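First comes the structure, then the notes that go with it.
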Amino acid sequence: MLILQFMPFDEIASLSSDKRVSKLLEIVKENKILLLEGRLRKEEEAELIKKTMETIDDDFKGIEIGVIYPKDKDKDFLNKIRENMINLLLGDRRGFTIMGPATIVKEIKQDPNKIQLFTTSYTPKS
Amino acid sequence: MITLMQKFIRSIFGDFFGKRKNLRIGLYGSPNGGKTTLANKICVDWLGEEMGSVSSVAHETREIQIKEQVTIKSKGKELSFNLVDTPGIATKIDYEDFIKVGMKENEAKNRAKEATKGVIDAIKWLDDMDVVVIVLDATKDPYTQVNITIIGNLQARDIPVLLVANKIDLKKADIKMIQSAFPQYDVVGISAKYGNNIDEFYESLFKISK
């Protein structure tokens, strides 16, 4: 059985970068596939990879992650600036992030508009 | 935001205290893209010696390797830099994958542990690069979150990026796929193993390092 957990961005909006990353990793380590509204900041994505590496052991083999993010090519300059400021202050709630443990999610293939998630035959220990 | 401030402070006070002597060029990418093969090609071409060992088993490079004072020449120009070869960045490392290719359990676990540390070091070193060459395996889908994260972090730090589509000697290689995934960057197709198109790579290195 696969468990898919949805997380609205509000749940991590007020957290520091470090706590955001730790919270997401905790859920994935429970063998759940996490669907997060929006996306992490670029530096947080790098921090997530670092923290994942620190956490890897015989049971936890790492994560698979993918992000669907809308292109904003039709927006004018002022709207882009306004949106970037909001994203900087409040976090980026556009698109969504999907991540799961590597023992369950074998591969995530993505393009800007579509995500394909391939799972393994792994059965989590209960 | 913090990295932008660091960059600003460095640009102001760098002149005051004297800028770092040597340009630092980093080779980044996922495991098995051919970073060390390219590092070896550069070092053999300009220093006459290799930099590190290569292997078909992932995570052969598990420590940052630096070759100092590499000077390349092209059309009367010279470019001197320190070349930094980094471990491949991944989001997962499974020691059982190493057992499958014939390693003993202890050796496989050690390799996995060293590889995780290598990934962490590679990310930490991003801040210290002046120019980054991202080495992509042109036979594989480039639109992965690891590539997007590396490129996004370099963009945020305002570090110039050159994309290299490696392994163009292979039939499955598709440079256009890389160009369409990252249209805002220059992409140079090469075979680091056989030296195909390596002069165009050196030319691009001059352009990006200005």
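Residue numbering restarts at 1 for every chain of the structure tokens, chains are lettered A, B, ... in their displayed order, and ligands are numbered from 1 as they appear.
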Surrounding residues of Lys207 (chain B) excluding itself and chain neighbours under 6 positions, 12 Å, only C-alpha atoms, as a PDB file with C-alpha atoms, in the first residue's frame:
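This went into around.pdb:
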```pdb
ATOM      1  CA  SER B  74      43.724  29.006 -27.793  1.00  0.00           C
ATOM      2  CA  LYS B  77      44.763  33.689 -25.593  1.00  0.00           C
ATOM      3  CA  GLU B  78      45.677  32.120 -22.254  1.00  0.00           C
ATOM      4  CA  LEU B  79      43.467  31.092 -19.372  1.00  0.00           C
ATOM      5  CA  VAL B 131      32.806  29.284 -13.065  1.00  0.00           C
ATOM      6  CA  PRO B 160      28.605  31.598 -14.823  1.00  0.00           C
ATOM      7  CA  VAL B 161      27.566  28.161 -16.100  1.00  0.00           C
ATOM      8  CA  LEU B 162      28.591  26.152 -19.143  1.00  0.00           C
ATOM      9  CA  ASP B 186      25.190  27.474 -23.929  1.00  0.00           C
ATOM     10  CA  GLU B 200      35.020  24.007 -29.082  1.00  0.00           C
ATOM     11  CA  PHE B 201      34.796  23.202 -25.366  1.00  0.00           C
TER      12      PHE B 201
END
```
All helix (DSSP H, G or I) residues (DSSP, backbone) inside chain A, as a PyMOL selection string: chain A and resi 10-13+17-29+42-55+77-90
Residues of chain B within 12 Å of chain A, using only C-alpha atoms, as a PyMOL selection string? chain B and resi 1-4+89-97+105-106+108-110+112-127+140-157+177+180-182
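If you measure from each of A:Lys106, A:Lys114, A:Lys19, A:Arg94 to Arg39 (chain A) using only C-alpha atoms, the closest one turns out to be A:Arg94.
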Region 47-50 of chain B surroundings by only C-alpha atoms, 12 Å radius, close-in-sequence under 2 positions cut, as a PyMOL selection string: chain B and resi 36-45+52-54+65-73+80+83+85
Output of the above residues as a short mmCIF file (atom, residue, chain, number, x, y, z; two decimals), in the first residue's frame, restricted to C-alpha atoms:
```cif
data_model
loop_
_atom_site.label_atom_id
_atom_site.label_comp_id
_atom_site.auth_asym_id
_atom_site.auth_seq_id
_atom_site.Cartn_x
_atom_site.Cartn_y
_atom_site.Cartn_z
CA THR B 36 36.59 13.00 -14.09
CA THR B 37 37.01 11.83 -17.70
CA LEU B 38 36.77 15.48 -18.75
CA ALA B 39 39.09 16.56 -15.92
CA ASN B 40 41.60 13.95 -17.11
CA LYS B 41 41.28 15.11 -20.72
CA ILE B 42 41.97 18.74 -19.69
CA CYS B 43 44.91 17.74 -17.49
CA VAL B 44 46.46 15.41 -20.09
CA ASP B 45 46.06 18.06 -22.81
CA GLY B 52 41.80 10.93 -11.08
CA SER B 53 40.57 7.42 -11.70
CA VAL B 54 37.42 6.69 -13.67
CA GLN B 65 40.02 16.88 -6.28
CA ILE B 66 41.91 20.00 -7.24
CA LYS B 67 44.51 20.49 -9.93
CA GLU B 68 46.20 23.84 -9.50
CA GLN B 69 47.57 26.14 -12.18
CA VAL B 70 46.07 24.64 -15.30
CA THR B 71 46.78 26.94 -18.25
CA ILE B 72 44.97 26.46 -21.52
CA LYS B 73 45.78 28.31 -24.73
CA SER B 80 44.88 29.94 -16.03
CA LEU B 83 40.38 22.85 -11.80
CA ASP B 85 36.58 17.90 -9.90
#
```
Select from chain A everything DSSP, run on the backbone, classes as strand (DSSP E), then give the selection as a VMD selection string. chain A and resid 4 to 7 33 to 39 63 to 68 92 to 101 105 to 111 114 to 119
I'd like the contact shell of Ile33 (chain A) - 10 Å cut-off, only C-alpha atoms, skipping same-chain residues fewer than 3 positions apart - returned as a ChimeraX atom specification. /A:2-6,27-30,36,63-65,98-101,104-105
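Counting only C-alpha atoms, the residue from B:Asp130, B:Glu107, B:Asp169, B:Glu60 that sits nearest to Asn196 (chain B) is B:Asp169.
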